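Novice: mmCIF, C-alpha atoms, file entry22.cif:
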data_protein
#
loop_
_atom_site.label_atom_id
_atom_site.label_comp_id
_atom_site.auth_asym_id
_atom_site.auth_seq_id
_atom_site.Cartn_x
_atom_site.Cartn_y
_atom_site.Cartn_z
CA MET T 1 127.26 127.57 81.94
CA ILE T 2 125.41 127.29 85.24
CA VAL T 3 127.18 130.35 86.64
CA ALA T 4 126.24 132.38 83.57
CA LEU T 5 122.60 131.31 83.93
CA LEU T 6 122.52 132.32 87.60
CA ARG T 7 124.00 135.73 86.73
CA LEU T 8 121.31 136.21 84.10
CA ILE T 9 118.58 135.36 86.60
CA ALA T 10 120.08 137.75 89.16
CA VAL T 11 119.95 140.77 86.78
CA PRO T 12 116.34 141.84 87.50
CA PHE T 13 116.78 141.29 91.24
CA ARG T 14 119.82 143.59 91.30
CA ALA T 15 117.86 146.25 89.46
CA LEU T 16 114.99 145.98 91.97
CA TRP T 17 117.46 146.19 94.86
CA ARG T 18 118.87 149.46 93.50
CA VAL T 19 115.36 150.88 93.18
CA TYR T 20 114.59 149.82 96.75
CA GLN T 21 117.70 151.52 98.13
CA GLY T 22 116.66 154.79 96.52
CA GLN T 23 113.31 154.94 98.35
CA SER T 24 112.43 156.79 101.56
CA VAL T 25 112.21 155.02 104.91
CA LEU T 26 108.39 154.88 104.73
CA TRP T 27 108.37 153.25 101.31
CA LYS T 28 111.15 150.88 102.33
CA THR T 29 109.06 149.80 105.33
CA LEU T 30 105.91 149.25 103.25
CA ILE T 31 107.80 147.30 100.60
CA ALA T 32 109.52 145.18 103.26
CA VAL T 33 106.16 144.35 104.89
CA VAL T 34 104.67 143.33 101.54
CA ILE T 35 107.68 141.19 100.63
CA LEU T 36 107.79 139.49 104.04
CA GLY T 37 104.04 138.82 103.91
CA TRP T 38 104.40 137.41 100.41
CA ALA T 39 107.31 135.23 101.52
CA GLY T 40 105.33 133.99 104.54
CA LEU T 41 102.36 133.01 102.38
CA TYR T 42 104.68 131.29 99.94
CA CYS T 43 106.25 129.29 102.77
CA TYR T 44 102.76 128.32 103.93
CA PHE T 45 101.93 127.15 100.41
CA VAL T 46 105.11 125.04 100.20
CA VAL T 47 104.39 123.43 103.58
CA GLN T 48 100.80 122.61 102.60
CA THR T 49 101.94 120.89 99.42
CA GLN T 50 104.36 118.67 101.34
CA VAL T 51 102.37 117.78 104.47
CA TRP T 52 99.62 115.22 103.84
CA THR T 53 97.59 115.29 107.04
CA ASN T 54 95.84 112.03 108.01
CA PHE T 55 96.95 110.26 104.84
CA ASP T 56 96.37 106.56 105.55
CA PRO T 57 95.87 103.85 102.90
CA ASP T 58 94.18 101.72 105.58
CA TYR T 59 91.57 104.37 106.42
CA PRO T 60 88.58 102.09 105.52
CA SER T 61 89.40 99.88 108.49
CA LYS T 62 87.93 102.47 110.87
CA TYR T 63 84.44 101.87 109.49
CA ALA T 64 82.59 98.92 111.04
CA TYR T 65 80.96 97.18 108.09
CA GLN T 66 80.89 93.59 109.33
CA THR T 67 77.43 93.86 110.94
CA ALA T 68 75.99 96.24 108.37
CA VAL T 69 72.29 96.62 107.66
CA THR T 70 70.92 97.75 104.30
CA PRO T 71 70.63 101.59 104.40
CA GLY T 72 67.12 102.81 105.14
CA GLU T 73 66.00 99.54 106.73
CA ALA T 74 64.82 99.60 110.33
CA VAL T 75 67.38 98.39 112.83
CA ASP T 76 66.74 96.57 116.10
CA PRO T 77 65.68 99.15 118.71
CA ALA T 78 67.35 97.02 121.38
CA LYS T 79 70.68 97.56 119.59
CA ALA T 80 70.09 101.20 118.76
CA ALA T 81 69.11 102.15 122.33
CA PRO T 82 68.89 100.05 125.48
CA GLN T 83 65.34 99.03 126.40
CA PRO T 84 64.09 98.22 129.92
CA ALA T 85 63.77 94.52 130.59
CA ALA T 86 60.26 93.11 130.93
CA PRO T 87 59.29 89.65 132.20
CA VAL T 88 57.56 88.53 129.01
CA GLU T 89 57.68 84.74 128.92
CA ASN T 90 56.51 84.05 125.38
CA THR T 91 58.61 86.61 123.48
CA THR T 92 60.48 84.96 120.61
CA PRO T 93 63.72 86.24 119.01
CA ALA T 94 61.73 87.40 116.01
CA ASP T 95 59.66 89.64 118.27
CA THR T 96 62.71 91.62 119.36
CA THR T 97 64.15 92.39 115.94
CA THR T 98 61.54 94.96 114.93
CA ALA T 99 59.69 97.67 116.80
CA PRO T 100 55.97 96.78 117.16
CA SER T 101 53.37 98.99 115.54
CA GLU T 102 50.12 100.26 117.05
CA ASN T 103 48.32 97.11 115.88
CA ALA T 104 50.96 95.03 117.63
CA THR T 105 50.18 96.95 120.81
CA GLU T 106 46.52 96.07 120.56
CA ASN T 107 47.21 92.41 119.84
CA SER T 108 49.66 92.06 122.68
CA VAL T 109 46.96 92.82 125.26
CA ALA T 110 45.82 89.21 125.03
CA PRO T 111 48.92 87.06 125.60
CA SER T 112 48.88 83.31 125.18
CA GLU T 113 49.70 82.78 128.89
CA PRO T 114 47.04 84.40 131.11
CA ALA T 115 49.28 84.08 134.18
CA ALA T 116 51.13 87.36 133.43
CA PRO T 117 48.88 89.59 131.30
CA GLN T 118 50.24 92.97 132.37
CA PRO T 119 54.00 93.15 131.39
CA ALA T 120 53.46 92.45 127.67
CA PRO T 121 51.31 95.54 126.91
CA GLN T 122 53.65 97.71 129.01
CA MET T 123 56.65 96.56 126.98
CA ALA T 124 54.81 97.06 123.71
CA MET T 125 53.77 100.54 124.74
CA SER T 126 57.34 101.54 125.64
CA GLN T 127 58.63 100.28 122.27
CA SER T 128 55.85 101.86 120.21
CA THR T 129 56.59 105.30 121.63
CA SER T 130 60.30 105.07 120.82
CA PRO T 131 61.32 106.67 117.46
CA ARG T 132 62.15 104.42 114.53
CA VAL T 133 65.82 104.02 113.77
CA CYS T 134 67.09 103.04 110.32
CA ALA T 135 70.55 102.17 109.04
CA PRO T 136 72.65 104.98 107.47
CA SER T 137 74.53 104.68 104.19
CA ALA T 138 78.21 103.83 104.43
CA LEU T 139 78.66 105.14 100.88
CA ALA T 140 77.36 108.60 101.81
CA GLU T 141 79.47 108.55 104.99
CA VAL T 142 82.73 107.71 103.20
CA THR T 143 81.99 110.23 100.42
CA ALA T 144 81.59 112.98 103.01
CA ASP T 145 84.67 111.87 104.97
CA LEU T 146 86.89 111.81 101.87
CA THR T 147 85.81 115.34 100.98
CA ASP T 148 86.47 116.39 104.58
CA PHE T 149 89.94 114.87 104.24
CA ASN T 150 90.50 116.89 101.07
CA VAL T 151 89.36 120.36 102.15
CA ASN T 152 89.23 120.46 105.96
CA GLN T 153 92.02 118.21 107.18
CA ASN T 154 94.22 119.43 104.31
CA ALA T 155 94.34 122.62 102.28
CA TRP T 156 92.82 122.32 98.80
CA ILE T 157 95.94 123.00 96.74
CA SER T 158 94.43 123.54 93.28
CA SER T 159 92.68 126.78 94.27
CA MET T 160 95.53 128.32 96.29
CA LEU T 161 96.83 131.59 94.85
CA PHE T 162 100.47 130.49 94.58
CA TYR T 163 99.49 127.26 92.86
CA LYS T 164 97.48 129.22 90.30
CA THR T 165 100.30 131.70 89.63
CA GLY T 166 102.74 128.85 89.01
CA PHE T 167 106.51 128.79 89.05
CA PHE T 168 107.51 132.13 87.49
CA GLY T 169 104.43 131.83 85.28
CA LEU T 170 105.00 128.15 84.46
CA ASP T 171 102.15 125.85 85.48
CA TRP T 172 103.18 123.77 88.50
CA ASP T 173 101.88 120.67 86.72
CA ARG T 174 104.64 121.15 84.17
CA THR T 175 107.32 121.13 86.83
CA PRO T 176 108.55 118.30 89.07
CA PHE T 177 107.83 120.39 92.17
CA LEU T 178 104.92 120.94 94.57
CA ASP T 179 102.17 119.39 92.42
CA ASN T 180 101.87 115.80 93.67
CA LYS T 181 99.37 116.57 96.42
CA ALA T 182 97.19 118.64 94.08
CA SER T 183 97.04 115.75 91.58
CA PHE T 184 96.27 113.28 94.37
CA GLN T 185 93.43 115.47 95.67
CA ARG T 186 91.94 115.81 92.21
CA GLY T 187 92.04 112.01 91.83
CA VAL T 188 90.21 111.58 95.14
CA HIS T 189 87.67 114.20 94.14
CA SER T 190 86.97 112.57 90.77
CA ALA T 191 85.87 109.37 92.56
CA VAL T 192 83.85 111.34 95.13
CA ARG T 193 82.14 113.36 92.41
CA ARG T 194 81.21 110.21 90.49
CA THR T 195 79.74 108.63 93.64
CA THR T 196 77.69 111.74 94.42
CA ILE T 197 76.20 111.65 90.93
CA GLU T 198 75.19 108.01 91.40
CA LEU T 199 73.67 108.77 94.80
CA VAL T 200 71.44 111.41 93.20
CA ASP T 201 70.51 109.60 89.99
CA SER T 202 69.81 106.08 91.25
CA LEU T 203 70.80 105.16 94.81
CA GLY T 204 69.00 107.93 96.68
CA ARG T 205 65.59 107.40 95.02
CA LEU T 206 63.23 104.54 94.19
CA ARG T 207 63.73 103.10 90.69
CA GLY T 208 64.58 106.50 89.21
CA THR T 209 60.92 107.59 89.17
CA SER T 210 60.55 109.16 92.61
CA GLN T 211 61.53 112.68 93.53
CA ILE T 212 65.26 113.46 93.66
CA ASP T 213 66.56 113.89 97.19
CA ASN T 214 67.09 117.60 97.81
CA ASP T 215 70.22 117.24 99.96
CA LEU T 216 71.88 114.90 97.47
CA GLN T 217 71.01 117.18 94.57
CA LYS T 218 72.65 120.13 96.32
CA ALA T 219 75.70 118.01 97.14
CA ARG T 220 76.06 116.98 93.50
CA GLY T 221 75.93 120.60 92.34
CA ASN T 222 78.57 121.64 94.86
CA MET T 223 80.84 118.69 94.03
CA GLN T 224 80.77 119.61 90.34
CA PHE T 225 82.04 123.13 90.97
CA ARG T 226 85.34 123.89 89.21
CA GLU T 227 88.45 122.90 91.13
CA ASP T 228 90.65 126.02 90.85
CA THR T 229 88.52 128.98 91.96
CA TRP T 230 90.16 131.44 94.37
CA TYR T 231 88.60 134.40 96.23
CA PHE T 232 89.09 136.69 93.22
CA GLY T 233 89.07 136.02 89.49
CA LEU T 234 89.53 137.76 86.18
CA SER T 235 86.97 135.88 84.09
CA PRO T 236 84.47 137.10 85.07
CA PHE T 237 86.21 139.90 86.93
CA GLY T 238 85.43 140.25 90.61
CA PRO T 239 85.27 138.44 93.96
CA LYS T 240 84.27 134.77 94.03
CA THR T 241 83.44 132.01 96.45
CA PRO T 242 86.49 129.68 96.57
CA THR T 243 86.25 126.03 95.63
CA PRO T 244 86.68 124.59 99.18
CA SER T 245 83.55 126.42 100.35
CA TYR T 246 81.42 124.54 97.85
CA TYR T 247 82.94 121.21 98.82
CA ARG T 248 82.39 121.94 102.51
CA SER T 249 78.72 122.60 101.77
CA ALA T 250 78.55 119.23 100.01
CA ILE T 251 79.89 117.55 103.17
CA GLN T 252 77.07 119.05 105.23
CA GLU T 253 74.46 118.01 102.69
CA LEU T 254 75.72 114.41 102.47
CA ARG T 255 75.68 114.14 106.25
CA ALA T 256 72.22 115.70 106.38
CA PHE T 257 71.03 112.99 103.97
CA ASN T 258 72.51 110.29 106.20
CA THR T 259 70.90 111.85 109.28
CA ARG T 260 67.49 111.73 107.61
CA LEU T 261 68.20 108.17 106.50
CA GLU T 262 68.83 107.20 110.13
CA LYS T 263 65.46 108.75 111.00
CA CYS T 264 63.83 106.70 108.21
CA GLU T 265 62.97 109.93 106.36
CA ALA T 266 65.08 109.29 103.23
CA THR T 267 65.54 106.51 100.68
CA PHE T 268 68.48 104.32 99.67
CA ASP T 269 67.60 101.88 96.89
CA ALA T 270 70.09 99.00 97.34
CA ARG T 271 69.02 96.94 94.32
CA ALA T 272 71.20 94.78 92.09
CA ASP T 273 70.59 96.92 88.97
CA ASN T 274 71.72 100.04 90.85
CA LEU T 275 74.87 98.22 91.94
CA ILE T 276 75.50 97.17 88.32
CA GLN T 277 75.24 100.79 87.22
CA TYR T 278 77.62 102.02 89.91
CA VAL T 279 80.12 99.24 89.14
CA ASP T 280 79.92 100.24 85.46
CA ARG T 281 80.69 103.86 86.30
CA ILE T 282 83.72 102.91 88.39
CA ALA T 283 85.02 100.59 85.66
CA SER T 284 84.59 103.38 83.12
CA ASP T 285 86.50 105.87 85.28
CA LEU T 286 89.34 103.43 85.86
CA GLY T 287 89.45 102.55 82.18
CA SER T 288 89.82 106.21 81.26
CA THR T 289 92.61 106.67 83.80
CA SER T 290 94.37 103.56 82.51
CA ALA T 291 94.27 104.97 78.97
CA ILE T 292 95.84 108.23 80.15
CA LEU T 293 98.65 106.33 81.88
CA LYS T 294 99.22 104.15 78.81
CA ASP T 295 99.44 107.16 76.50
CA ARG T 296 102.07 108.80 78.69
CA ALA T 297 104.02 105.58 79.22
CA ASP T 298 104.05 104.67 75.50
CA ASN T 299 104.88 108.07 74.01
CA TYR T 300 107.24 109.63 76.55
CA HIS T 301 110.31 107.92 77.97
CA ALA T 302 112.11 110.66 79.87
CA GLY T 303 112.67 108.41 82.89
CA TRP T 304 113.28 110.38 86.04
CA PHE T 305 112.98 113.68 84.12
CA ASP T 306 109.40 113.36 82.87
CA THR T 307 107.79 116.32 84.64
CA ARG T 308 104.24 115.24 83.80
CA ALA T 309 104.54 111.60 84.86
CA ASP T 310 104.07 112.44 88.52
CA ASP T 311 100.79 114.25 87.77
CA ARG T 312 99.39 111.20 85.99
CA PHE T 313 100.63 108.81 88.66
CA TRP T 314 99.31 110.69 91.69
CA PHE T 315 95.94 111.39 90.07
CA ALA T 316 95.53 107.64 89.49
CA TYR T 317 96.75 106.94 93.03
CA GLY T 318 94.21 109.38 94.49
CA GLN T 319 91.44 107.76 92.47
CA LEU T 320 92.34 104.29 93.77
CA TYR T 321 92.72 105.68 97.31
CA ALA T 322 89.16 107.00 97.20
CA TYR T 323 87.64 104.00 95.44
CA TYR T 324 89.21 101.67 98.01
CA GLY T 325 87.07 103.22 100.75
CA LEU T 326 84.04 103.65 98.50
CA ILE T 327 84.14 100.03 97.36
CA ARG T 328 84.40 98.89 100.98
CA ALA T 329 81.37 101.09 101.72
CA THR T 330 79.52 99.59 98.75
CA HIS T 331 80.19 96.14 100.19
CA SER T 332 78.42 97.32 103.33
CA ASP T 333 75.43 98.99 101.67
CA PHE T 334 74.85 96.13 99.20
CA LYS T 335 75.71 93.34 101.60
CA ALA T 336 72.46 91.48 100.98
CA VAL T 337 72.81 91.67 97.18
CA LEU T 338 76.41 90.44 97.23
CA ALA T 339 75.52 87.60 99.60
CA GLU T 340 72.61 86.54 97.41
CA LYS T 341 74.86 86.42 94.34
CA HIS T 342 77.72 84.75 96.29
CA LEU T 343 80.05 87.63 95.38
CA ASP T 344 81.64 88.27 98.77
CA GLY T 345 84.81 86.35 97.87
CA LEU T 346 85.35 88.13 94.55
CA TRP T 347 84.56 91.49 96.13
CA ASP T 348 87.11 90.84 98.91
CA THR T 349 89.71 89.96 96.29
CA MET T 350 89.08 93.27 94.52
CA GLU T 351 89.49 95.16 97.79
CA GLN T 352 92.80 93.39 98.42
CA GLN T 353 94.05 94.35 94.97
CA LEU T 354 93.11 97.96 95.60
CA ARG T 355 95.01 97.93 98.87
CA SER T 356 98.01 96.34 97.17
CA ALA T 357 98.13 99.17 94.62
CA LEU T 358 98.29 101.75 97.42
CA ASP T 359 101.59 100.28 98.65
CA MET T 360 103.36 101.88 95.68
CA GLN T 361 104.51 105.33 96.86
CA PRO T 362 107.68 106.31 94.94
CA THR T 363 109.62 109.35 96.09
CA ILE T 364 110.25 110.31 92.46
CA VAL T 365 107.97 109.03 89.70
CA SER T 366 109.87 107.59 86.77
CA ASN T 367 108.54 107.05 83.26
CA GLY T 368 111.15 104.86 81.64
CA ARG T 369 110.79 102.13 79.09
CA GLN T 370 109.17 98.92 80.23
CA ASP T 371 112.42 97.01 79.72
CA ALA T 372 114.68 99.67 81.27
CA TRP T 373 117.05 98.49 84.00
CA PHE T 374 117.78 101.89 85.59
CA THR T 375 114.61 103.96 85.05
CA PRO T 376 111.49 101.97 85.98
CA SER T 377 108.06 102.72 84.55
CA HIS T 378 105.88 103.56 87.53
CA LEU T 379 103.03 104.50 85.19
CA THR T 380 102.98 101.04 83.65
CA THR T 381 102.94 99.42 87.09
CA MET T 382 100.09 101.63 88.26
CA GLY T 383 98.20 100.89 85.05
CA PHE T 384 98.62 97.17 85.74
CA HIS T 385 97.03 97.54 89.19
CA ILE T 386 94.16 99.56 87.75
CA LEU T 387 93.43 96.98 85.06
CA ARG T 388 93.39 94.18 87.66
CA VAL T 389 90.74 96.04 89.65
CA ARG T 390 88.79 96.86 86.50
CA SER T 391 88.87 93.20 85.48
CA ASN T 392 87.29 92.27 88.82
CA LEU T 393 84.60 94.91 88.32
CA VAL T 394 83.75 93.42 84.93
CA ASP T 395 83.52 89.93 86.45
CA ILE T 396 81.27 91.22 89.23
CA ARG T 397 79.00 92.91 86.72
CA GLN T 398 78.62 89.68 84.74
CA VAL T 399 77.64 87.75 87.85
CA LEU T 400 75.14 90.40 88.92
CA GLU T 401 73.43 90.26 85.51
CA ARG T 402 72.75 86.52 85.75
#
Kindly present the structure from the file in structure tokens form.
Specialist:
Amino acid sequence: MIVALLRLIAVPFRALWRVYQGQSVLWKTLIAVVILGWAGLYCYFVVQTQVWTNFDPDYPSKYAYQTAVTPGEAVDPAKAAPQPAAPVENTTPADTTTAPSENATENSVAPSEPAAPQPAPQMAMSQSTSPRVCAPSALAEVTADLTDFNVNQNAWISSMLFYKTGFFGLDWDRTPFLDNKASFQRGVHSAVRRTTIELVDSLGRLRGTSQIDNDLQKARGNMQFREDTWYFGLSPFGPKTPTPSYYRSAIQELRAFNTRLEKCEATFDARADNLIQYVDRIASDLGSTSAILKDRADNYHAGWFDTRADDRFWFAYGQLYAYYGLIRATHSDFKAVLAEKHLDGLWDTMEQQLRSALDMQPTIVSNGRQDAWFTPSHLTTMGFHILRVRSNLVDIRQVLER
């Protein structure tokens, strides 16, 4: 049976070989160059789908969030840039935590101790001329870095030509081959896109009534661009700008927003109601993903041979991978709110559950029955992890509303 199938597949290739042998040397050379170039590009595509550059479930550990300051708030100039020491005797710790204004300069001319009147105004003058420095947003930073991971450190698989053409016309998502990384990247991007929307609508403006931040608005538009656009398309017909170019522009715009935030020229509204809204959005996303996993796990039991199970699994994994870093960043940006509501412990527990879910990395995704002894149900297990995280998000929301 297998031999007969292979012979059937070989029929068109034999016919093409006979046509090739009948051509002149020039045509043979041109055809050979085209075939070799095509084969080289195909090999490149295969390698890109299998090599996951800088994939690291512990990537949030590289961000220093322990001593975070609320984004947009002025930071201590002494910590931002070293200041020259001045022999001011009556300077209290509170005096060194904020840069003095022009009024502070005038008031400091008359110190309480007349023995050393000169150093105080000199110190005040040196601080007043230094530029203000504010804290950046960890959420914007992680959003930009995750997108950089998707399109710069790795190739964006979904818009590659050979991914779009499929396996002999069959969509790669319907095969067990070469589609795991694409699903993972789309999962990461879904979380990044959601966060960008929240940055524009609520976090990057004051109470939703002030002007929308221009950089964030551009980033949101670029993040919402379709995921599978190549350099050329048929509908509409003609050349196009590929998907990764839009996402790279979004990276620049998110980092430009953070740069302005560090210069105290932008806004980050770290209020409890904004955190509630963002937590709601994450819970909604995870709930939708959980429903997709449940539908596949309940209605299809092909075990190791379910060719769509891996797509569902790796999309969910990518979503959790991204939200792990984004939730850690949220802990940093809303540190004051979480401390006020005594939510640090519950938030840490949620982060630990997210990290625990990322330990599940099966070589082959199985979609067996829940009571199967040979074919496990990886979708059910992933759904369990997602629901645990979502349950924590619901608890956090309830506490924040009190």
Novice: Report, in Å to a single decimal, how far apart CA of Gln153 in chain T and CA of Val47 in chain T are.
Specialist: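 Computing the Euclidean distance for CA of Val47 in chain T and CA of Gln153 in chain T yields 13.9 Å.
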Novice: Report, in Å with one decimal, the straight-line distance from CA of Tyr63 in chain T to CA of Gly221 in chain T.
Specialist: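 Straight-line distance from CA of Tyr63 in chain T to CA of Gly221 in chain T works out to 26.8 Å.
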Novice: Can you spell out as a ChimeraX atom specification the set of residues that the PyMOL selection byres ((chain T and resi 145) around 12) selects in the structure I just provided?
Specialist: /T:54,59-60,62-63,138-144,146-153,188-189,192,247-248,250-252,254-255,322,325-326,329
Novice: Using the chain letters and residue numbers of this document, give as a list of chain:residue names the residues selected by the PyMOL selection byres ((chain T and resi 295) around 12).
Specialist: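 In the shown coordinates, the PyMOL selection byres ((chain T and resi 295) around 12) covers T:Ser288, T:Thr289, T:Ser290, T:Ala291, T:Ile292, T:Leu293, T:Lys294, T:Arg296, T:Ala297, T:Asp298, T:Asn299, T:Tyr300, T:His301, T:Arg308, T:Ala309, T:Arg312, T:Asn367, T:Leu379, T:Thr380, T:Gly383.
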Novice: Please, could you write that set of residues out with C-alpha atoms as a CSV table (one decimal), in the coordinates of the input?
Specialist:
chain,number,residue,atom,x,y,z
T,288,SER,CA,89.8,106.2,81.3
T,289,THR,CA,92.6,106.7,83.8
T,290,SER,CA,94.4,103.6,82.5
T,291,ALA,CA,94.3,105.0,79.0
T,292,ILE,CA,95.8,108.2,80.2
T,293,LEU,CA,98.6,106.3,81.9
T,294,LYS,CA,99.2,104.2,78.8
T,296,ARG,CA,102.1,108.8,78.7
T,297,ALA,CA,104.0,105.6,79.2
T,298,ASP,CA,104.0,104.7,75.5
T,299,ASN,CA,104.9,108.1,74.0
T,300,TYR,CA,107.2,109.6,76.6
T,301,HIS,CA,110.3,107.9,78.0
T,308,ARG,CA,104.2,115.2,83.8
T,309,ALA,CA,104.5,111.6,84.9
T,312,ARG,CA,99.4,111.2,86.0
T,367,ASN,CA,108.5,107.0,83.3
T,379,LEU,CA,103.0,104.5,85.2
T,380,THR,CA,103.0,101.0,83.6
T,383,GLY,CA,98.2,100.9,85.0
Novice: Could you write out as an NGL selection string the residues that the PyMOL selection byres ((chain T and resi 287) around 12) matches in the shown file?
Specialist: :T and (280-286 or 288-294 or 316 or 319 or 383-391 or 393-394)
Novice: Taking 5 positions as the minimum chain separation for residues in the same chain, which residues sit within 9 Å of Phe45 in chain T when counting all atoms listed in the file? Answer as number ranges by chain.
Specialist: T: 40, 50, 157, 160-163
